[in-house]
$ cat work09.txt   # compact mmCIF, C-alpha atoms and all ligand atoms
# COMPACT_ATOMS: atom_id res chain seq x y z
CA MET A 282 -6.77 -12.81 -9.26
CA LYS A 283 -7.37 -10.77 -6.11
CA ILE A 284 -4.29 -9.95 -4.10
CA ILE A 285 -3.68 -8.01 -0.89
CA MET A 286 -0.29 -6.53 -0.03
CA LEU A 287 0.52 -6.54 3.69
CA GLY A 288 3.54 -5.09 5.43
CA ALA A 289 4.83 -2.13 7.43
CA PRO A 290 4.82 1.34 5.93
CA GLY A 291 7.80 1.44 3.60
CA ALA A 292 8.14 -2.33 3.28
CA GLY A 293 7.83 -2.05 -0.49
CA LYS A 294 4.13 -2.89 -0.96
CA GLY A 295 3.58 -0.16 -3.51
CA THR A 296 6.75 -0.96 -5.43
CA GLN A 297 5.78 -4.63 -5.71
CA ALA A 298 2.08 -3.95 -6.31
CA LYS A 299 2.93 -1.86 -9.38
CA MET A 300 5.02 -4.70 -10.82
CA ILE A 301 2.31 -7.26 -10.08
CA ALA A 302 -0.31 -5.03 -11.70
CA GLU A 303 1.77 -4.74 -14.84
CA LYS A 304 2.66 -8.42 -15.14
CA TYR A 305 -0.84 -9.73 -14.46
CA GLN A 306 -2.70 -6.85 -16.12
CA ILE A 307 -4.86 -5.99 -13.12
CA PRO A 308 -5.39 -2.57 -11.50
CA HIS A 309 -3.17 -1.43 -8.64
CA VAL A 310 -5.54 -0.02 -6.03
CA SER A 311 -3.83 2.06 -3.34
CA THR A 312 -5.98 3.80 -0.74
CA GLY A 313 -3.00 6.05 0.08
CA ASP A 314 -2.80 7.14 -3.58
CA ILE A 315 -6.55 7.79 -3.64
CA PHE A 316 -6.30 9.95 -0.51
CA ARG A 317 -3.26 11.83 -1.86
CA ALA A 318 -5.01 12.52 -5.17
CA ASN A 319 -7.96 13.92 -3.19
CA ILE A 320 -5.67 16.11 -1.08
CA LYS A 321 -3.98 17.42 -4.21
CA ASN A 322 -7.36 18.25 -5.75
CA GLY A 323 -8.59 19.87 -2.53
CA THR A 324 -11.69 17.70 -2.19
CA GLU A 325 -13.66 17.42 1.03
CA LEU A 326 -12.53 13.80 1.39
CA GLY A 327 -8.92 14.91 0.93
CA MET A 328 -9.19 17.58 3.61
CA GLU A 329 -10.70 15.12 6.06
CA ALA A 330 -8.11 12.40 5.33
CA LYS A 331 -5.19 14.82 5.61
CA LYS A 332 -5.97 15.52 9.27
CA TYR A 333 -5.16 11.92 10.09
CA MET A 334 -2.43 11.24 7.55
CA ASP A 335 -0.27 14.15 8.70
CA GLN A 336 -0.17 12.67 12.20
CA GLY A 337 0.63 9.18 10.98
CA LEU A 338 -2.81 7.99 12.07
CA LEU A 339 -5.25 5.88 10.09
CA VAL A 340 -8.15 7.52 8.30
CA PRO A 341 -11.37 6.28 9.99
CA ASP A 342 -12.71 2.96 8.72
CA GLU A 343 -16.12 4.30 7.59
CA LEU A 344 -14.50 6.72 5.18
CA THR A 345 -11.84 4.33 3.91
CA VAL A 346 -14.11 1.35 3.39
CA LYS A 347 -16.55 3.31 1.28
CA ILE A 348 -13.79 4.63 -1.00
CA LEU A 349 -12.35 1.16 -1.45
CA LEU A 350 -15.64 -0.63 -2.12
CA ASP A 351 -16.58 2.00 -4.71
CA ARG A 352 -13.22 1.57 -6.40
CA VAL A 353 -13.28 -2.24 -6.65
CA ALA A 354 -16.86 -2.14 -7.96
CA GLN A 355 -15.61 -0.38 -11.11
CA GLU A 356 -15.50 -2.23 -14.41
CA ASP A 357 -11.69 -2.51 -14.64
CA CYS A 358 -11.60 -4.50 -11.37
CA LYS A 359 -13.86 -7.29 -12.55
CA ASN A 360 -10.97 -9.67 -13.34
CA GLY A 361 -9.13 -8.91 -10.12
CA TYR A 362 -6.86 -6.32 -8.54
CA VAL A 363 -3.95 -5.84 -6.23
CA LEU A 364 -4.83 -3.92 -3.06
CA ASP A 365 -2.01 -1.87 -1.57
CA GLY A 366 -2.61 -0.32 1.84
CA PHE A 367 -6.04 -1.84 2.35
CA PRO A 368 -7.18 -3.46 4.58
CA ARG A 369 -5.25 -1.94 7.46
CA THR A 370 -7.54 -2.90 10.35
CA ILE A 371 -9.54 -6.02 11.24
CA PRO A 372 -12.88 -4.21 10.72
CA GLN A 373 -11.75 -3.19 7.20
CA ALA A 374 -10.80 -6.79 6.43
CA GLU A 375 -14.15 -8.02 7.71
CA VAL A 376 -16.11 -5.55 5.56
CA LEU A 377 -14.11 -6.56 2.49
CA ASP A 378 -14.57 -10.24 3.25
CA LYS A 379 -18.32 -9.80 3.62
CA ALA A 380 -18.62 -7.78 0.40
CA LEU A 381 -16.67 -10.40 -1.53
CA THR A 382 -18.61 -13.31 -0.02
CA GLU A 383 -21.86 -11.68 -1.14
CA LEU A 384 -20.49 -11.69 -4.69
CA GLY A 385 -19.28 -15.30 -4.40
CA GLU A 386 -15.68 -14.08 -4.54
CA LYS A 387 -12.62 -14.19 -2.30
CA ILE A 388 -9.06 -12.96 -1.83
CA ASP A 389 -6.62 -15.39 -3.47
CA TYR A 390 -3.41 -14.25 -1.80
CA ALA A 391 -2.33 -11.92 0.98
CA ILE A 392 1.36 -11.24 0.38
CA ASN A 393 3.19 -10.14 3.51
CA VAL A 394 6.31 -8.16 2.63
CA ASP A 395 8.47 -8.60 5.70
CA VAL A 396 10.93 -5.82 6.65
CA PRO A 397 12.15 -5.20 10.22
CA ASP A 398 11.45 -1.80 11.83
CA GLU A 399 15.18 -0.94 11.88
CA ASN A 400 15.24 -0.76 8.07
CA ILE A 401 12.03 1.21 7.74
CA VAL A 402 12.96 4.68 8.96
CA LYS A 403 15.96 4.76 6.61
CA ARG A 404 13.87 3.68 3.67
CA MET A 405 11.24 6.30 4.30
CA SER A 406 13.63 9.22 4.55
CA GLY A 407 15.01 8.23 1.13
CA ARG A 408 11.60 7.72 -0.46
CA ARG A 409 10.59 10.23 -3.11
CA ALA A 410 7.08 10.22 -4.50
CA CYS A 411 5.42 11.57 -7.60
CA LEU A 412 2.08 13.00 -6.53
CA SER A 413 0.90 13.11 -10.16
CA CYS A 414 1.21 9.46 -11.21
CA GLY A 415 1.91 7.70 -7.89
CA ALA A 416 5.38 6.46 -8.86
CA THR A 417 7.82 5.92 -5.99
CA TYR A 418 11.60 6.09 -5.95
CA HIS A 419 14.41 5.82 -3.43
CA ILE A 420 17.34 8.24 -3.59
CA GLU A 421 19.85 5.41 -3.07
CA HIS A 422 18.18 2.14 -3.97
CA ILE A 423 15.80 3.05 -6.77
CA PRO A 424 16.80 6.47 -8.13
CA PRO A 425 14.94 8.18 -10.98
CA ARG A 426 16.92 8.72 -14.20
CA GLN A 427 17.11 12.44 -13.44
CA GLU A 428 17.33 13.58 -9.81
CA GLY A 429 14.04 14.93 -8.49
CA VAL A 430 12.06 14.19 -11.67
CA CYS A 431 9.55 11.39 -12.27
CA ASP A 432 10.66 8.95 -15.03
CA GLY A 433 7.05 8.29 -15.92
CA CYS A 434 5.47 11.72 -16.19
CA GLY A 435 8.22 14.32 -15.74
CA GLN A 436 6.71 15.94 -12.64
CA SER A 437 8.76 16.92 -9.58
CA LEU A 438 9.33 14.34 -6.86
CA VAL A 439 8.63 15.14 -3.22
CA LEU A 440 9.40 13.80 0.24
CA ARG A 441 5.94 13.03 1.58
CA ASP A 442 4.97 15.03 4.70
CA ASP A 443 4.26 11.78 6.52
CA ASP A 444 7.69 10.30 5.65
CA LYS A 445 9.50 12.55 8.13
CA PRO A 446 11.13 10.42 10.86
CA GLU A 447 8.81 11.61 13.73
CA THR A 448 5.72 10.65 11.77
CA VAL A 449 7.24 7.36 10.59
CA GLN A 450 7.62 6.29 14.24
CA ASN A 451 3.90 6.89 14.79
CA ARG A 452 3.02 5.00 11.63
CA LEU A 453 5.10 2.03 12.73
CA LYS A 454 3.31 1.97 16.07
CA VAL A 455 -0.06 2.16 14.33
CA TYR A 456 1.07 -0.66 12.02
CA HIS A 457 1.96 -2.95 14.92
CA ASP A 458 -1.21 -2.15 16.88
CA GLN A 459 -3.81 -2.14 14.11
CA THR A 460 -2.49 -3.76 10.93
CA GLN A 461 -0.23 -6.59 12.03
CA PRO A 462 -3.22 -8.58 13.41
CA LEU A 463 -4.23 -9.03 9.76
CA ILE A 464 -1.39 -11.51 9.40
CA ASP A 465 -3.26 -13.89 11.69
CA PHE A 466 -6.56 -13.06 10.00
CA TYR A 467 -5.29 -14.10 6.55
CA THR A 468 -3.25 -17.01 7.90
CA ALA A 469 -6.51 -18.41 9.29
CA LYS A 470 -8.03 -18.07 5.82
CA GLY A 471 -5.11 -20.03 4.36
CA VAL A 472 -4.06 -17.28 1.92
CA LEU A 473 -1.12 -15.65 3.69
CA ARG A 474 2.32 -15.89 2.03
CA THR A 475 5.38 -14.12 3.46
CA VAL A 476 8.33 -12.87 1.42
CA ASP A 477 11.60 -11.34 2.61
CA GLY A 478 11.31 -7.63 1.77
CA THR A 479 14.90 -6.73 2.68
CA VAL A 480 16.45 -8.05 -0.53
CA ASP A 481 16.69 -6.27 -3.88
CA MET A 482 13.30 -5.29 -5.31
CA LYS A 483 13.76 -7.64 -8.28
CA ASP A 484 14.38 -10.58 -5.96
CA VAL A 485 11.33 -9.71 -3.86
CA PHE A 486 9.30 -9.67 -7.07
CA GLU A 487 10.69 -13.04 -8.18
CA ALA A 488 9.59 -14.55 -4.86
CA ILE A 489 6.11 -13.10 -5.31
CA VAL A 490 5.79 -14.33 -8.89
CA SER A 491 6.69 -17.85 -7.84
CA ILE A 492 3.86 -17.71 -5.29
CA LEU A 493 1.33 -16.35 -7.78
CA SER A 494 2.17 -18.70 -10.65
P1 LIG B 501 2.53 3.52 3.43
O1 LIG B 501 2.24 2.17 2.92
O2 LIG B 501 3.82 4.04 2.95
O3 LIG B 501 2.31 3.64 4.90
P2 LIG B 501 0.09 4.62 2.25
O4 LIG B 501 0.22 5.46 1.05
O5 LIG B 501 -0.45 3.25 2.09
O6 LIG B 501 1.52 4.61 2.91
O7 LIG B 501 -0.80 5.36 3.34
C1 LIG B 501 -0.54 6.70 3.73
C2 LIG B 501 -1.53 7.11 4.79
O8 LIG B 501 -2.87 7.10 4.24
C3 LIG B 501 -1.61 6.20 6.01
O9 LIG B 501 -0.63 6.52 6.98
C4 LIG B 501 -3.04 6.49 6.51
O10 LIG B 501 -3.11 7.73 7.18
C5 LIG B 501 -3.81 6.64 5.20
N1 LIG B 501 -4.38 5.35 4.75
C6 LIG B 501 -4.05 4.67 3.60
N2 LIG B 501 -4.75 3.53 3.51
C7 LIG B 501 -5.54 3.46 4.63
C8 LIG B 501 -6.47 2.51 5.15
N3 LIG B 501 -6.73 1.36 4.50
N4 LIG B 501 -7.08 2.80 6.33
C9 LIG B 501 -6.83 3.93 6.99
N5 LIG B 501 -5.96 4.85 6.58
C10 LIG B 501 -5.30 4.64 5.41
P1 LIG B 502 5.11 0.89 0.92
O1 LIG B 502 4.16 0.98 -0.23
O2 LIG B 502 5.11 -0.45 1.58
O3 LIG B 502 4.97 2.00 1.87
P2 LIG B 502 7.18 1.60 -1.06
O4 LIG B 502 6.97 0.63 -2.17
O5 LIG B 502 6.76 2.99 -1.27
O6 LIG B 502 6.58 1.01 0.32
O7 LIG B 502 8.74 1.57 -0.70
C1 LIG B 502 9.28 2.38 0.35
C2 LIG B 502 10.65 2.95 -0.09
O8 LIG B 502 11.60 1.90 -0.20
C3 LIG B 502 10.61 3.61 -1.48
O9 LIG B 502 11.53 4.68 -1.46
C4 LIG B 502 11.05 2.51 -2.42
O10 LIG B 502 11.65 3.05 -3.60
C5 LIG B 502 12.07 1.76 -1.57
N1 LIG B 502 12.10 0.31 -1.81
C6 LIG B 502 11.08 -0.50 -2.21
N2 LIG B 502 11.48 -1.78 -2.32
C7 LIG B 502 12.80 -1.79 -1.96
C8 LIG B 502 13.79 -2.84 -1.85
N3 LIG B 502 13.49 -4.12 -2.10
N4 LIG B 502 15.02 -2.47 -1.44
C9 LIG B 502 15.31 -1.17 -1.16
N5 LIG B 502 14.44 -0.14 -1.24
C10 LIG B 502 13.20 -0.45 -1.63
ZN ZN B 503 4.97 10.67 -12.14
$ encode --input "work09.txt" --output "C-alpha cells" --more "lines below"
Ligand code: ADP
Ligand code: ADP
Ligand code: ZN
Amino acid sequence: MKIIMLGAPGAGKGTQAKMIAEKYQIPHVSTGDIFRANIKNGTELGMEAKKYMDQGLLVPDELTVKILLDRVAQEDCKNGYVLDGFPRTIPQAEVLDKALTELGEKIDYAINVDVPDENIVKRMSGRRACLSCGATYHIEHIPPRQEGVCDGCGQSLVLRDDDKPETVQNRLKVYHDQTQPLIDFYTAKGVLRTVDGTVDMKDVFEAIVSILS
C-alpha cells in the first residue's frame, strides 16, 4: 500500500503516519526527518536544506525529489510506504507520479488531515521533537512520560527552530500557495480522502484505518 499524507504543517501528518507505518508494517518516509538527520550530521545536503527550512521556505524541488526517489527505491519500500511531507508542490507530485507509472505502480490513498489555521500556531508552539529518532510530542496533548525526554530513545526533546510562531506563519502561507493545490491533484486521481484532524489523535487514526481497510 502506498499512502501520501497531506495537510498543513502541524496538522498531525507525522503522528498519524507513524501509527499507519506500525499497523500496516510499511516504512514511514518523512522528507523533513531526512533533512533534519542531515542537518544533525552536518552533511552538505543538510547545510543546503537548512537555509530554506529556517525561513519556513520549501527546499528546492530538484534536491527534494532526488532524496525521495532514492529513499523509496530501497528494498524496505517494495511493499509500500507512507509518505509524510512529500509531495509538497505540484512538480514534486508529477515527478513521483511519473516514476511510479514507469514501474507500473500508483499511489493508493492521499489522506488529507484537515486542521484550520487557527489551531496550527498553538499546536506548533507545543510541539516537541526528538531529533534522534524522529518522535514527536505535544506538551499538552501528547506529553512524553518524563518532561523533555523521548519515551522511545531517552534523548532530549527540542522545540524545532522552524516551530517558532514567526516561522510558522511563513510555513502556513507556503502551504496554502504551494501544497494545497495537491488536494485538487489527488482528487482528480480519485485517491483523496479527507479526515478531521482536530479531534483526538486516536479518533483521527480510527478514521484513517476505516479508509484503508
Ligand atoms: P511539517 O509537516 O511540520 O511542516 P516537515 O518536517 O514535514 O514539517 O518539514 C520541515 C521543513 O522541511 C519544511 O518546512 C521544508 O522547509 C522542508 N521540507 C520537508 N519536506 C519537503 C518537501 N517535500 N519539499 C520541500 N521542502 C520540504
Ligand atoms: P505534522 O507532521 O503534520 O507537521 P505532527 O504530527 O508533528 O504534525 O503534529 C503537530 C503537533 O500536534 C505535535 O506536537 C503533535 O504531538 C500534536 N498533535 C498531533 N495530532 C494531534 C491531535 N489529534 N490533537 C492534538 N495534538 C496533536
Ligand atoms: Zn527519540
$ residues_near_ligand --input "work09.txt" --ligand "ligand LIG 501 (chain B)" --cutoff "8 Å" --atoms "only C-alpha atoms and all ligand atoms" --output "number ranges by chain"
A: 288-295, 311-314, 316-317, 330-331, 333-342, 345-346, 365-370, 373, 405, 443-444, 452
$ residues_near_point --input "work09.txt" --point "(13.3, 1.3, 6.2)" --cutoff "10 Å" --atoms "only C-alpha atoms" --output "PyMOL selection string"
chain A and resi 289-293+396-408+449+479
$ residues_near_ligand --input "work09.txt" --ligand "ligand ZN 503 (chain B)" --cutoff "10 Å" --atoms "all atoms listed in the file" --output "list in words"
Ala410, Cys411, Leu412, Ser413, Cys414, Gly415, Ala416, Thr417, Val430, Cys431, Asp432, Gly433, Cys434, Gly435, Gln436, Ser437 and Leu438 of chain A
$ closest_residue --input "work09.txt" --among "A:Lys483, A:Lys304, A:Lys347, A:Lys387" --to "Tyr467 (chain A)" --atoms "only C-alpha atoms"
A:Lys387
$ atom_distance --input "work09.txt" --atom1 "CA of Gln461 (chain A)" --atom2 "CA of Met300 (chain A)"
23.5 Å
$ atom_distance --input "work09.txt" --atom1 "CA of Gly471 (chain A)" --atom2 "CA of Val353 (chain A)"
22.5 Å
$ atom_distance --input "work09.txt" --atom1 "CA of Glu343 (chain A)" --atom2 "CA of Lys379 (chain A)"
14.8 Å
$ closest_residue --input "work09.txt" --among "A:Leu287, A:Met482, A:Val476, A:Ala488" --to "ligand LIG 502 (chain B)" --atoms "all atoms listed in the file"
A:Met482
$ residues_around --input "work09.txt" --residues "Lys283 (chain A)" --least-positions-apart "4" --cutoff "7 Å" --atoms "all atoms listed in the file" --output "NGL selection string"
:A and (361-363 or 388-390)
$ closest_residue --input "work09.txt" --among "A:Lys445, A:Lys321, A:Arg426, A:His309" --to "Cys358 (chain A)" --atoms "only C-alpha atoms"
A:His309
$ closest_residue --input "work09.txt" --among "A:Ile492, A:Ala469, A:Ile423, A:Leu377" --to "ligand LIG 502 (chain B)" --atoms "all atoms listed in the file"
A:Ile423
$ closest_residue --input "work09.txt" --among "A:Ile348, A:Ile420, A:Met282, A:Ile464" --to "ligand LIG 502 (chain B)" --atoms "only C-alpha atoms and all ligand atoms"
A:Ile420
$ decode --input "work09.txt" --residues "region 424-440 of chain A" --atoms "N, CA, C and O atoms" --output "mmCIF file, in the first residue's frame"
data_model
loop_
_atom_site.group_PDB
_atom_site.id
_atom_site.type_symbol
_atom_site.label_atom_id
_atom_site.label_comp_id
_atom_site.auth_asym_id
_atom_site.auth_seq_id
_atom_site.Cartn_x
_atom_site.Cartn_y
_atom_site.Cartn_z
ATOM 1 N N PRO A 424 1.927 14.386 25.848
ATOM 2 C CA PRO A 424 3.184 14.580 26.571
ATOM 3 C C PRO A 424 4.002 13.292 26.662
ATOM 4 O O PRO A 424 3.432 12.196 26.682
ATOM 5 N N PRO A 425 5.334 13.431 26.716
ATOM 6 C CA PRO A 425 6.170 12.247 26.957
ATOM 7 C C PRO A 425 5.992 11.823 28.419
ATOM 8 O O PRO A 425 5.516 12.612 29.238
ATOM 9 N N ARG A 426 6.397 10.597 28.737
ATOM 10 C CA ARG A 426 6.251 10.120 30.126
ATOM 11 C C ARG A 426 7.023 11.023 31.080
ATOM 12 O O ARG A 426 6.545 11.378 32.137
ATOM 13 N N GLN A 427 8.254 11.395 30.665
ATOM 14 C CA GLN A 427 9.054 12.300 31.503
ATOM 15 C C GLN A 427 9.297 13.575 30.717
ATOM 16 O O GLN A 427 9.741 13.520 29.560
ATOM 17 N N GLU A 428 9.017 14.731 31.337
ATOM 18 C CA GLU A 428 9.108 16.007 30.641
ATOM 19 C C GLU A 428 10.471 16.178 29.962
ATOM 20 O O GLU A 428 11.517 16.000 30.587
ATOM 21 N N GLY A 429 10.439 16.529 28.678
ATOM 22 C CA GLY A 429 11.681 16.859 27.976
ATOM 23 C C GLY A 429 12.513 15.673 27.521
ATOM 24 O O GLY A 429 13.596 15.850 26.969
ATOM 25 N N VAL A 430 11.995 14.442 27.736
ATOM 26 C CA VAL A 430 12.779 13.255 27.396
ATOM 27 C C VAL A 430 11.965 12.339 26.477
ATOM 28 O O VAL A 430 10.791 12.088 26.721
ATOM 29 N N CYS A 431 12.622 11.849 25.413
ATOM 30 C CA CYS A 431 11.930 10.987 24.455
ATOM 31 C C CYS A 431 11.609 9.620 25.074
ATOM 32 O O CYS A 431 12.493 8.955 25.607
ATOM 33 N N ASP A 432 10.326 9.201 24.986
ATOM 34 C CA ASP A 432 9.917 7.875 25.503
ATOM 35 C C ASP A 432 10.677 6.762 24.796
ATOM 36 O O ASP A 432 11.017 5.749 25.388
ATOM 37 N N GLY A 433 10.905 6.973 23.487
ATOM 38 C CA GLY A 433 11.465 5.906 22.677
ATOM 39 C C GLY A 433 12.957 5.696 22.904
ATOM 40 O O GLY A 433 13.411 4.564 23.077
ATOM 41 N N CYS A 434 13.730 6.796 22.923
ATOM 42 C CA CYS A 434 15.183 6.601 22.926
ATOM 43 C C CYS A 434 15.897 7.353 24.043
ATOM 44 O O CYS A 434 17.118 7.276 24.144
ATOM 45 N N GLY A 435 15.143 8.088 24.872
ATOM 46 C CA GLY A 435 15.771 8.723 26.039
ATOM 47 C C GLY A 435 16.526 10.011 25.764
ATOM 48 O O GLY A 435 17.095 10.610 26.677
ATOM 49 N N GLN A 436 16.539 10.465 24.504
ATOM 50 C CA GLN A 436 17.256 11.711 24.186
ATOM 51 C C GLN A 436 16.400 12.934 24.574
ATOM 52 O O GLN A 436 15.195 12.818 24.775
ATOM 53 N N SER A 437 17.055 14.101 24.618
ATOM 54 C CA SER A 437 16.324 15.322 24.978
ATOM 55 C C SER A 437 15.411 15.773 23.849
ATOM 56 O O SER A 437 15.769 15.645 22.677
ATOM 57 N N LEU A 438 14.271 16.335 24.238
ATOM 58 C CA LEU A 438 13.334 16.862 23.243
ATOM 59 C C LEU A 438 13.598 18.340 23.032
ATOM 60 O O LEU A 438 14.013 19.041 23.951
ATOM 61 N N VAL A 439 13.359 18.798 21.794
ATOM 62 C CA VAL A 439 13.591 20.215 21.482
ATOM 63 C C VAL A 439 12.375 20.841 20.798
ATOM 64 O O VAL A 439 11.562 20.146 20.191
ATOM 65 N N LEU A 440 12.290 22.172 20.935
ATOM 66 C CA LEU A 440 11.354 22.945 20.118
ATOM 67 C C LEU A 440 12.102 23.225 18.815
ATOM 68 O O LEU A 440 13.184 23.823 18.843
#
